[in-house]
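**Q** Just passing along the structure, written as structure tokens.
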Amino acid sequence: MPLVTAAAPASGSPRGVIPLRSSRASCDSRPCAARAYAGKRLVAENTRVQNVHRMELETRIRNQLLRPELPPSSYDTAWVSMVPLRGTHQSPCFPQCVEWILQNQQDDGSWGVNQFDSSVNKDVLLSTLACVLALKRWNVGRENIWRGLHFIGRNFSVAMDEQTTAPIGFNITFATMLSLAIDMGLEFPIRQTDVHGILELREMELKRQAVYGSYGRKAYMAYITEGLGNRLDWDEVMKFQRKNGSLFSCPSTTAVALIHKYNDQAHQYLNSLVSEFGSAVPAVYPSKLHCQLLMVDALERMGISQHFVNEIKSILDMAFSHWLQKDEEIMMDIATCAMTFRLLRMNGYDVSSDELSHVAEASNFCDSLQGYLNDTKSLLELYKASKVSLSGNDLILDSIGSWSGNLLKDKLCSSRVQKNLIFGEIDYAVKFPFYATLERLEHKRNIEHFDAWGSLMLTTKGSSFHVNQEFLALAVNDFSLSQSVYQDELQHLDSWVKENKLDQLQFARQKLTYCYLSAAATIFPSELSDARISWAKNGVLTTVVDDFFDVGGSKAELENLIELVEKWHEHHADKYYSEQVRIIFSAIYATTNQLGAKASAAQDRDVTKHLAEIWLDVLRSMMMEAEWQRSQHVPTVEEYMTNAVVSFALGPIVLPALYFVGQELLEHAVKDQEYDKLFRLMSSCGRLLNDSKSFEREGSQGKLNSISLLVLHSGNSVSTEAAKKAMQGALLEDVQDSSLVLLSDRWIQLSKGNGRCSERSHQRATQNPNE
């Protein structure tokens, strides 16, 4: 799935069209015309069908976002069905759940197989055993029980396989339920040695758990109540009861507790659950908001969130309200809490990291249920949340980032984790924080690795929430559509380079595809073509100008170019010092005026003058650096950086593109201090990154940069490595400062709208093609 296809077309023919040869065998014009017409009709019909399919996908996803479907859990339904009517042990409290079990057994005798995974796994075995127990408990479904027992017997080896992924507490829970079934008189077609083997695994697990006395261990034991039964102190277990009456928002755990110790709140919780969902209950409840946030995260990661702006805003508004109320559905689960924090902050909501203070230290996390389980999902969510920092002294996020990062790196060194699909997701998150990635390339990777990161969405001990495959289908459709748009734009840009004779400048690097890649990977929605074209054209021009000032032009030529830009409309063709100057200025002048006319129409005011001023600032700052090198002047670090944020040339690349992203950009906003601050922070990030990577190369060419200047002005008392670390610290501060500006309400309004140009785009713009 290539992002851009840059292959040149056959000489003299359009891309993808083979020129016809002249011969007596050439077809008659009428049949050719008929075939051409038929071809156009076929293309139009295919496009229409694709558009209809796309609209249907969007409608279904929109419905899922607003009303997420929680799939029924055979396992949890089975345990709820085993709750007796109060005052008697002869009748079920929820007979409709028993009936559901009778009606939903699979042809192979199992329960729990879902549309996403038809293979036999430990989750299916556990669900099937729970359903068999439920039917035996009420002495119904003799044939169903027999088929279930034989399914378990045929697949018992899966239960003994320690390399197979298992639901939380499987070794304890499955063995206890198996023992309970045998005590109830059920006969399994399995060897007695296998029964002893699974029971031994339980005893080994229980002995291992007995050495811990932490809160996390107590929470774990309460969480897997169905595997412990009378071994538990039920008064201690009920200390984990939530305000909604549940234990861990888990129907099966709550049902087991209610079976052993009646509790009005627990009964009300299950009663409300059955009333809402009917005869089958989900694996976790409440979980609507949790599922919605997972879907929002998936839409953003796959690059299709722009199609659901209103729905996402509604969900995030609700999440923000729940966040302010410290709602249990968000706050009681570490992974959900971290994900909610990240999504809200990334979308401009004012959320404080104080709500993550309970896991600020590794010891606090380890003492939680998720820490006790060594839950990868929670660790990964905490680590990603820690990167959305707004200041250099957020002690909570800094601490979380430090210890969670170390634990994730330890997991990468584990041979067991390396065999898991999650390994790649951990490795990617540790290497590439969100601000260091190109958004469209990240979408491409997430589409390709959909199964891997989708597997991180485990929600309970016996079930998973899966992002629907329709998300993937729409993402692939959207990405494929964008490719044809990108290819057409690249072909247009190739013609533009030739028309302006930029390819004839021998000194200039030819980096068209690179410049366009940075545009397409940053401003990716298909409808933002003008913004991409502006970005790419100015990227090419700034590369040419940068090379002209570095190696291609004499002092007289550089001064002539600046003079021409200063005069702009008043320049005269006979004033070109050389052909090189004529080509460069003509390209800048024509391109800027064309883009200015389009931008002025989009903004309903004249902005061409502003675009010309941006170019003049860049040329003057480049001239300053050329003068320093020519005179061997050594500026201070402050002088260098003040000039470098302009000479880095992100101005002509990024600022004109902002006029095309679908937002009205008023003149007072462009002149606002916040606008200027963000531009300088962005440029400073780019310059410092470049200086860090190009220090050795530029030093060999006799050029000074921030690192060499720091060493020189220290009288060599500061080493090169120390200087690099100092600049990395300054870079981190700039990244955090730019995040603070970007996530303010004003910049959310400036950078989002119909086109939804992401706030991350501004940070990623630091990848300047000039360097």
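Here, A, B, ... name the chains of the structure tokens in the order displayed, residue numbers run from 1 inside each chain, and ligands are numbered from 1 in the same displayed order.
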So that I can see what lies close to A:Glu499, please list as a PDB file with all heavy atoms, in the first residue's frame the residues with an atom at most 12 Å from it, counting only C-alpha atoms and leaving out residues fewer than 4 positions away in the same chain.
**A**
```pdb
ATOM      1  N   HIS A 492       1.031  16.767 -11.053  1.00  0.00           N
ATOM      2  CA  HIS A 492       0.919  18.221 -11.262  1.00  0.00           C
ATOM      3  C   HIS A 492       2.179  18.946 -10.798  1.00  0.00           C
ATOM      4  O   HIS A 492       2.679  19.852 -11.484  1.00  0.00           O
ATOM      5  CB  HIS A 492      -0.302  18.757 -10.504  1.00  0.00           C
ATOM      6  CG  HIS A 492      -0.286  20.232 -10.287  1.00  0.00           C
ATOM      7  ND1 HIS A 492      -0.535  21.140 -11.297  1.00  0.00           N
ATOM      8  CD2 HIS A 492      -0.016  20.975  -9.166  1.00  0.00           C
ATOM      9  CE1 HIS A 492      -0.433  22.377 -10.820  1.00  0.00           C
ATOM     10  NE2 HIS A 492      -0.126  22.295  -9.527  1.00  0.00           N
ATOM     11  N   LEU A 493       2.692  18.559  -9.658  1.00  0.00           N
ATOM     12  CA  LEU A 493       3.897  19.205  -9.119  1.00  0.00           C
ATOM     13  C   LEU A 493       5.113  18.946 -10.007  1.00  0.00           C
ATOM     14  O   LEU A 493       5.958  19.831 -10.187  1.00  0.00           O
ATOM     15  CB  LEU A 493       4.165  18.691  -7.694  1.00  0.00           C
ATOM     16  CG  LEU A 493       3.178  19.171  -6.627  1.00  0.00           C
ATOM     17  CD1 LEU A 493       3.331  18.346  -5.350  1.00  0.00           C
ATOM     18  CD2 LEU A 493       3.388  20.649  -6.326  1.00  0.00           C
ATOM     19  N   ASP A 494       5.200  17.744 -10.554  1.00  0.00           N
ATOM     20  CA  ASP A 494       6.304  17.434 -11.459  1.00  0.00           C
ATOM     21  C   ASP A 494       6.266  18.359 -12.680  1.00  0.00           C
ATOM     22  O   ASP A 494       7.304  18.861 -13.123  1.00  0.00           O
ATOM     23  CB  ASP A 494       6.210  15.965 -11.888  1.00  0.00           C
ATOM     24  CG  ASP A 494       7.409  15.529 -12.715  1.00  0.00           C
ATOM     25  OD1 ASP A 494       8.535  15.577 -12.183  1.00  0.00           O
ATOM     26  OD2 ASP A 494       7.222  15.167 -13.895  1.00  0.00           O
ATOM     27  N   SER A 495       5.070  18.599 -13.208  1.00  0.00           N
ATOM     28  CA  SER A 495       4.925  19.517 -14.344  1.00  0.00           C
ATOM     29  C   SER A 495       5.282  20.937 -13.930  1.00  0.00           C
ATOM     30  O   SER A 495       5.919  21.678 -14.699  1.00  0.00           O
ATOM     31  CB  SER A 495       3.477  19.478 -14.866  1.00  0.00           C
ATOM     32  OG  SER A 495       3.138  18.198 -15.328  1.00  0.00           O
ATOM     33  N   ASP A 503      14.287  22.336 -12.441  1.00  0.00           N
ATOM     34  CA  ASP A 503      15.121  21.158 -12.651  1.00  0.00           C
ATOM     35  C   ASP A 503      16.388  21.474 -13.435  1.00  0.00           C
ATOM     36  O   ASP A 503      17.279  20.626 -13.564  1.00  0.00           O
ATOM     37  CB  ASP A 503      14.326  20.066 -13.365  1.00  0.00           C
ATOM     38  CG  ASP A 503      13.751  20.536 -14.693  1.00  0.00           C
ATOM     39  OD1 ASP A 503      13.467  21.745 -14.828  1.00  0.00           O
ATOM     40  OD2 ASP A 503      13.577  19.698 -15.592  1.00  0.00           O
ATOM     41  N   GLN A 504      16.489  22.708 -13.970  1.00  0.00           N
ATOM     42  CA  GLN A 504      17.667  23.111 -14.738  1.00  0.00           C
ATOM     43  C   GLN A 504      18.751  23.745 -13.874  1.00  0.00           C
ATOM     44  O   GLN A 504      19.848  24.042 -14.368  1.00  0.00           O
ATOM     45  CB  GLN A 504      17.253  24.087 -15.845  1.00  0.00           C
ATOM     46  CG  GLN A 504      16.307  23.489 -16.878  1.00  0.00           C
ATOM     47  CD  GLN A 504      15.892  24.471 -17.948  1.00  0.00           C
ATOM     48  OE1 GLN A 504      16.518  25.533 -18.096  1.00  0.00           O
ATOM     49  NE2 GLN A 504      14.840  24.139 -18.703  1.00  0.00           N
ATOM     50  N   ILE A 583      15.331  32.529 -12.878  1.00  0.00           N
ATOM     51  CA  ILE A 583      14.550  31.310 -12.665  1.00  0.00           C
ATOM     52  C   ILE A 583      14.000  31.259 -11.236  1.00  0.00           C
ATOM     53  O   ILE A 583      12.815  30.976 -11.028  1.00  0.00           O
ATOM     54  CB  ILE A 583      15.410  30.066 -12.958  1.00  0.00           C
ATOM     55  CG1 ILE A 583      15.726  29.973 -14.455  1.00  0.00           C
ATOM     56  CG2 ILE A 583      14.696  28.793 -12.488  1.00  0.00           C
ATOM     57  CD1 ILE A 583      16.680  28.849 -14.807  1.00  0.00           C
ATOM     58  N   SER A 586      11.421  34.231 -10.559  1.00  0.00           N
ATOM     59  CA  SER A 586      10.196  34.032 -11.337  1.00  0.00           C
ATOM     60  C   SER A 586       9.340  32.929 -10.734  1.00  0.00           C
ATOM     61  O   SER A 586       8.100  33.036 -10.683  1.00  0.00           O
ATOM     62  CB  SER A 586      10.543  33.693 -12.796  1.00  0.00           C
ATOM     63  OG  SER A 586      11.223  34.770 -13.412  1.00  0.00           O
ATOM     64  N   ALA A 587       9.989  31.859 -10.279  1.00  0.00           N
ATOM     65  CA  ALA A 587       9.241  30.760  -9.657  1.00  0.00           C
ATOM     66  C   ALA A 587       8.599  31.203  -8.350  1.00  0.00           C
ATOM     67  O   ALA A 587       7.434  30.888  -8.074  1.00  0.00           O
ATOM     68  CB  ALA A 587      10.164  29.570  -9.427  1.00  0.00           C
ATOM     69  N   ALA A 590       5.722  33.936  -9.309  1.00  0.00           N
ATOM     70  CA  ALA A 590       4.522  33.375  -9.936  1.00  0.00           C
ATOM     71  C   ALA A 590       3.769  32.457  -8.982  1.00  0.00           C
ATOM     72  O   ALA A 590       2.536  32.526  -8.858  1.00  0.00           O
ATOM     73  CB  ALA A 590       4.908  32.617 -11.205  1.00  0.00           C
ATOM     74  N   THR A 591       4.507  31.589  -8.283  1.00  0.00           N
ATOM     75  CA  THR A 591       3.871  30.626  -7.377  1.00  0.00           C
ATOM     76  C   THR A 591       3.201  31.323  -6.203  1.00  0.00           C
ATOM     77  O   THR A 591       2.069  30.990  -5.833  1.00  0.00           O
ATOM     78  CB  THR A 591       4.910  29.612  -6.857  1.00  0.00           C
ATOM     79  OG1 THR A 591       5.513  28.948  -7.972  1.00  0.00           O
ATOM     80  CG2 THR A 591       4.264  28.585  -5.945  1.00  0.00           C
TER      81      THR A 591
END
```
**Q** Considering only C-alpha atoms, can you say which of A:Asn155, A:Asn230, A:Ser119, A:Thr164 comes closest to A:Thr176?
**A**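 The answer is A:Asn230, which sits nearest to A:Thr176.
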**Q** Give the answer as one residue: which of A:Asp546, A:Asp107, A:Glu69, A:Asp530 has the shortest atom-to-atom distance to A:Ala657, using only C-alpha atoms?
**A** A:Asp530
**Q** Residues within 10 Å of A:Gln241, please, as a list in words. Count only C-alpha atoms; anything in the same chain fewer than 5 positions from it doesn't count.
**A** Ala222, Glu236, Ser246, Leu247, Phe248, Ser249, Thr254, Ala257, Gln265 and Ala266 of chain A
**Q** Nearest to A:Phe450 among A:Ser314, A:Gln487, A:Thr642, A:Asn468, with distances taken over only C-alpha atoms: which residue is it?
**A**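 When distances to A:Phe450 are compared using only C-alpha atoms, the smallest one comes from A:Asn468.
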**Q** Could you list, as a PyMOL selection string, every residue within 12 Å of A:Ser378, counting only C-alpha atoms and ignoring same-chain residues fewer than 4 positions away?
**A** chain A and resi 333-339+359+365-366+368-374+382-385+400+404-405+407-408+426+456-459
**Q** Quick one: write out the picked residues with N, CA, C and O atoms as a compact mmCIF listing (two decimals), in the first residue's frame?
**A**
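Okay, result28.txt is ready:
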```txt
# COMPACT_ATOMS: atom_id res chain seq x y z
N ASP A 333 -10.68 2.10 36.45
CA ASP A 333 -9.83 1.27 35.60
C ASP A 333 -8.67 2.12 35.09
O ASP A 333 -8.87 3.15 34.45
N ILE A 334 -7.46 1.69 35.38
CA ILE A 334 -6.28 2.49 35.07
C ILE A 334 -6.14 2.75 33.57
O ILE A 334 -5.86 3.88 33.14
N ALA A 335 -6.34 1.72 32.77
CA ALA A 335 -6.18 1.88 31.33
C ALA A 335 -7.21 2.85 30.77
O ALA A 335 -6.89 3.71 29.94
N THR A 336 -8.46 2.73 31.23
CA THR A 336 -9.51 3.64 30.76
C THR A 336 -9.23 5.06 31.20
O THR A 336 -9.41 6.01 30.43
N CYS A 337 -8.77 5.23 32.42
CA CYS A 337 -8.45 6.55 32.95
C CYS A 337 -7.34 7.21 32.12
O CYS A 337 -7.44 8.38 31.74
N ALA A 338 -6.28 6.45 31.83
CA ALA A 338 -5.16 6.99 31.06
C ALA A 338 -5.57 7.32 29.63
O ALA A 338 -5.19 8.35 29.08
N MET A 339 -6.36 6.42 29.01
CA MET A 339 -6.81 6.66 27.64
C MET A 339 -7.72 7.89 27.58
O MET A 339 -7.59 8.72 26.66
N VAL A 359 -1.28 6.70 40.37
CA VAL A 359 -0.31 5.79 39.75
C VAL A 359 0.96 6.54 39.37
O VAL A 359 1.68 6.15 38.45
N PHE A 365 1.25 1.57 41.21
CA PHE A 365 0.69 0.77 40.11
C PHE A 365 0.79 -0.72 40.43
O PHE A 365 -0.17 -1.47 40.23
N CYS A 366 1.94 -1.14 40.91
CA CYS A 366 2.14 -2.56 41.22
C CYS A 366 1.18 -3.07 42.29
O CYS A 366 0.86 -4.26 42.33
N SER A 368 -1.89 -2.19 42.50
CA SER A 368 -3.26 -2.19 41.98
C SER A 368 -3.56 -3.53 41.33
O SER A 368 -2.67 -4.36 41.13
N LEU A 369 -4.82 -3.74 40.95
CA LEU A 369 -5.20 -4.98 40.28
C LEU A 369 -4.47 -5.12 38.95
O LEU A 369 -3.92 -6.18 38.64
N GLN A 370 -4.43 -4.02 38.16
CA GLN A 370 -3.75 -4.08 36.87
C GLN A 370 -2.25 -4.30 37.02
O GLN A 370 -1.63 -5.03 36.23
N GLY A 371 -1.67 -3.69 38.04
CA GLY A 371 -0.24 -3.89 38.28
C GLY A 371 0.06 -5.29 38.74
O GLY A 371 1.06 -5.89 38.32
N TYR A 372 -0.82 -5.83 39.59
CA TYR A 372 -0.64 -7.19 40.06
C TYR A 372 -0.71 -8.18 38.90
O TYR A 372 0.00 -9.19 38.87
N LEU A 373 -1.57 -7.87 37.92
CA LEU A 373 -1.71 -8.72 36.74
C LEU A 373 -0.64 -8.45 35.70
O LEU A 373 -0.59 -9.12 34.67
N ASN A 374 0.20 -7.44 35.96
CA ASN A 374 1.24 -7.05 35.00
C ASN A 374 0.60 -6.77 33.63
O ASN A 374 1.06 -7.25 32.60
N LEU A 382 -0.73 4.17 30.04
CA LEU A 382 -0.10 5.12 30.94
C LEU A 382 1.10 5.79 30.27
O LEU A 382 1.31 7.00 30.39
N TYR A 383 1.90 4.99 29.56
CA TYR A 383 3.07 5.54 28.90
C TYR A 383 2.67 6.56 27.83
O TYR A 383 3.25 7.65 27.73
N LYS A 384 1.66 6.23 27.03
CA LYS A 384 1.22 7.15 25.98
C LYS A 384 0.62 8.42 26.60
O LYS A 384 0.81 9.52 26.07
N ALA A 385 -0.10 8.27 27.69
CA ALA A 385 -0.67 9.43 28.37
C ALA A 385 0.42 10.36 28.90
O ALA A 385 0.29 11.58 28.89
N ILE A 400 5.34 8.94 35.69
CA ILE A 400 4.64 7.84 35.01
C ILE A 400 5.40 7.43 33.76
O ILE A 400 5.58 6.23 33.48
N SER A 404 6.90 3.60 33.67
CA SER A 404 6.15 2.77 32.71
C SER A 404 7.01 2.47 31.49
O SER A 404 6.97 1.35 30.95
N GLY A 405 7.82 3.45 31.07
CA GLY A 405 8.74 3.22 29.95
C GLY A 405 9.74 2.13 30.27
O GLY A 405 10.03 1.26 29.43
N LEU A 407 9.37 -0.35 32.45
CA LEU A 407 8.68 -1.65 32.50
C LEU A 407 8.37 -2.17 31.09
O LEU A 407 8.47 -3.37 30.83
N LEU A 408 8.00 -1.27 30.19
CA LEU A 408 7.73 -1.68 28.81
C LEU A 408 9.00 -2.17 28.12
O LEU A 408 8.99 -3.15 27.37
N ILE A 426 4.42 -2.18 21.53
CA ILE A 426 5.24 -1.65 22.62
C ILE A 426 6.48 -0.98 22.04
O ILE A 426 6.83 0.16 22.42
N LEU A 456 -5.04 -5.56 21.90
CA LEU A 456 -4.81 -4.91 23.19
C LEU A 456 -6.11 -4.50 23.87
O LEU A 456 -6.11 -4.03 24.99
N MET A 457 -7.24 -4.67 23.17
CA MET A 457 -8.49 -4.17 23.69
C MET A 457 -9.19 -5.14 24.62
O MET A 457 -10.42 -5.17 24.71
N LEU A 458 -8.44 -5.98 25.32
CA LEU A 458 -9.04 -6.89 26.29
C LEU A 458 -9.75 -6.09 27.38
O LEU A 458 -9.19 -5.14 27.92
N THR A 459 -10.97 -6.47 27.71
CA THR A 459 -11.71 -5.72 28.71
C THR A 459 -12.03 -6.54 29.96
O THR A 459 -12.24 -5.99 31.02
```
**Q** Quick one: of A:Glu226, A:Glu329, A:Asp367, A:Glu381, who's nearest to A:Phe341, counting only C-alpha atoms?
**A**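 Checking each candidate against A:Phe341, we get A:Glu381 as the closest.
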**Q** Between atom CA of A:Arg217 and atom CA of A:His322, what is the spacing in Å?
**A** 28.5 Å
**Q** Between atom CA of A:Glu425 and atom CA of A:Leu474, what is the distance, to one decimal in Å?
**A**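 Computed distance, atom CA of A:Glu425 to atom CA of A:Leu474, equals 22.0 Å.
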**Q** Show which residues sit within 12 Å of A:Pro433, as a list of chain:residue names. Count only C-alpha atoms, and ignore same-chain residues fewer than 3 positions away.
**A**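 The residues satisfying every condition are A:Leu380, A:Tyr383, A:Lys384, A:Ala385, A:Ser386, A:Lys387, A:Val388, A:Ser389, A:Gly401, A:Gly405, A:Glu425, A:Ile426, A:Asp427, A:Tyr428, A:Ala429, A:Val430, A:Ala436, A:Thr437, A:Leu438, A:Glu439, A:Glu442, A:Val735, A:Arg760, A:Gln763, A:Arg764.
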**Q** Could you dump the residues just selected with N, CA and C atoms as a PDB file, in the first residue's frame?
**A**
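Printed below is part06.pdb as written:
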```pdb
ATOM      1  N   LEU A 380       0.878   0.418  28.678  1.00  0.00           N
ATOM      2  CA  LEU A 380       1.010   1.119  27.413  1.00  0.00           C
ATOM      3  C   LEU A 380       0.175   2.391  27.402  1.00  0.00           C
ATOM      4  N   TYR A 383       1.897   4.991  29.561  1.00  0.00           N
ATOM      5  CA  TYR A 383       3.074   5.544  28.900  1.00  0.00           C
ATOM      6  C   TYR A 383       2.669   6.562  27.828  1.00  0.00           C
ATOM      7  N   LYS A 384       1.661   6.231  27.029  1.00  0.00           N
ATOM      8  CA  LYS A 384       1.216   7.153  25.983  1.00  0.00           C
ATOM      9  C   LYS A 384       0.620   8.420  26.597  1.00  0.00           C
ATOM     10  N   ALA A 385      -0.099   8.265  27.694  1.00  0.00           N
ATOM     11  CA  ALA A 385      -0.668   9.434  28.371  1.00  0.00           C
ATOM     12  C   ALA A 385       0.424  10.356  28.901  1.00  0.00           C
ATOM     13  N   SER A 386       1.528   9.768  29.362  1.00  0.00           N
ATOM     14  CA  SER A 386       2.612  10.578  29.937  1.00  0.00           C
ATOM     15  C   SER A 386       3.263  11.495  28.914  1.00  0.00           C
ATOM     16  N   LYS A 387       3.115  11.187  27.628  1.00  0.00           N
ATOM     17  CA  LYS A 387       3.749  11.987  26.580  1.00  0.00           C
ATOM     18  C   LYS A 387       2.939  13.222  26.227  1.00  0.00           C
ATOM     19  N   VAL A 388       1.690  13.293  26.699  1.00  0.00           N
ATOM     20  CA  VAL A 388       0.858  14.463  26.402  1.00  0.00           C
ATOM     21  C   VAL A 388       1.041  15.469  27.526  1.00  0.00           C
ATOM     22  N   SER A 389       2.274  15.921  27.681  1.00  0.00           N
ATOM     23  CA  SER A 389       2.642  16.826  28.763  1.00  0.00           C
ATOM     24  C   SER A 389       2.631  18.262  28.264  1.00  0.00           C
ATOM     25  N   GLY A 401       5.852   8.419  32.985  1.00  0.00           N
ATOM     26  CA  GLY A 401       6.587   8.122  31.760  1.00  0.00           C
ATOM     27  C   GLY A 401       7.867   7.361  32.032  1.00  0.00           C
ATOM     28  N   GLY A 405       7.824   3.452  31.070  1.00  0.00           N
ATOM     29  CA  GLY A 405       8.736   3.217  29.951  1.00  0.00           C
ATOM     30  C   GLY A 405       9.744   2.126  30.268  1.00  0.00           C
ATOM     31  N   GLU A 425       3.747  -3.210  19.023  1.00  0.00           N
ATOM     32  CA  GLU A 425       3.077  -2.011  19.511  1.00  0.00           C
ATOM     33  C   GLU A 425       3.854  -1.361  20.653  1.00  0.00           C
ATOM     34  N   ILE A 426       4.418  -2.183  21.525  1.00  0.00           N
ATOM     35  CA  ILE A 426       5.237  -1.648  22.617  1.00  0.00           C
ATOM     36  C   ILE A 426       6.484  -0.976  22.044  1.00  0.00           C
ATOM     37  N   ASP A 427       7.156  -1.663  21.145  1.00  0.00           N
ATOM     38  CA  ASP A 427       8.382  -1.142  20.551  1.00  0.00           C
ATOM     39  C   ASP A 427       8.130   0.186  19.841  1.00  0.00           C
ATOM     40  N   TYR A 428       7.035   0.262  19.101  1.00  0.00           N
ATOM     41  CA  TYR A 428       6.709   1.483  18.362  1.00  0.00           C
ATOM     42  C   TYR A 428       6.412   2.638  19.316  1.00  0.00           C
ATOM     43  N   ALA A 429       5.624   2.374  20.373  1.00  0.00           N
ATOM     44  CA  ALA A 429       5.256   3.428  21.319  1.00  0.00           C
ATOM     45  C   ALA A 429       6.479   3.982  22.043  1.00  0.00           C
ATOM     46  N   VAL A 430       7.412   3.093  22.403  1.00  0.00           N
ATOM     47  CA  VAL A 430       8.620   3.530  23.119  1.00  0.00           C
ATOM     48  C   VAL A 430       9.530   4.357  22.210  1.00  0.00           C
ATOM     49  N   ALA A 436       6.443  12.823  17.245  1.00  0.00           N
ATOM     50  CA  ALA A 436       7.604  12.517  16.400  1.00  0.00           C
ATOM     51  C   ALA A 436       7.218  11.649  15.213  1.00  0.00           C
ATOM     52  N   THR A 437       5.925  11.604  14.891  1.00  0.00           N
ATOM     53  CA  THR A 437       5.480  10.760  13.785  1.00  0.00           C
ATOM     54  C   THR A 437       4.743  11.599  12.758  1.00  0.00           C
ATOM     55  N   LEU A 438       4.798  11.165  11.501  1.00  0.00           N
ATOM     56  CA  LEU A 438       4.000  11.778  10.448  1.00  0.00           C
ATOM     57  C   LEU A 438       2.638  11.097  10.453  1.00  0.00           C
ATOM     58  N   GLU A 439       1.605  11.893  10.531  1.00  0.00           N
ATOM     59  CA  GLU A 439       0.283  11.366  10.842  1.00  0.00           C
ATOM     60  C   GLU A 439      -0.199  10.339   9.812  1.00  0.00           C
ATOM     61  N   GLU A 442       1.543   7.124  10.102  1.00  0.00           N
ATOM     62  CA  GLU A 442       1.067   6.425  11.293  1.00  0.00           C
ATOM     63  C   GLU A 442      -0.264   5.726  11.006  1.00  0.00           C
ATOM     64  N   VAL A 735       9.035  21.669  22.645  1.00  0.00           N
ATOM     65  CA  VAL A 735       7.946  20.754  22.286  1.00  0.00           C
ATOM     66  C   VAL A 735       6.796  20.903  23.267  1.00  0.00           C
ATOM     67  N   ARG A 760      -1.265  18.230  15.663  1.00  0.00           N
ATOM     68  CA  ARG A 760       0.049  17.588  15.592  1.00  0.00           C
ATOM     69  C   ARG A 760       0.787  17.987  14.323  1.00  0.00           C
ATOM     70  N   GLN A 763       3.603  20.505  14.844  1.00  0.00           N
ATOM     71  CA  GLN A 763       4.837  19.992  15.425  1.00  0.00           C
ATOM     72  C   GLN A 763       5.599  19.165  14.406  1.00  0.00           C
ATOM     73  N   ARG A 764       4.868  18.377  13.609  1.00  0.00           N
ATOM     74  CA  ARG A 764       5.537  17.528  12.638  1.00  0.00           C
ATOM     75  C   ARG A 764       6.134  18.333  11.495  1.00  0.00           C
TER      76      ARG A 764
END
```
**Q** Ranking A:Leu324, A:Ile588, A:Ala130, A:Leu299 by minimum distance to A:Ile61 and counting only C-alpha atoms, which one comes first?
**A** A:Leu299
**Q** Considering only C-alpha atoms, can you say which of A:Ala473, A:Met331, A:Leu650, A:Ile533 comes closest to A:Ile614?
**A**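 Nearest to A:Ile614: A:Leu650.
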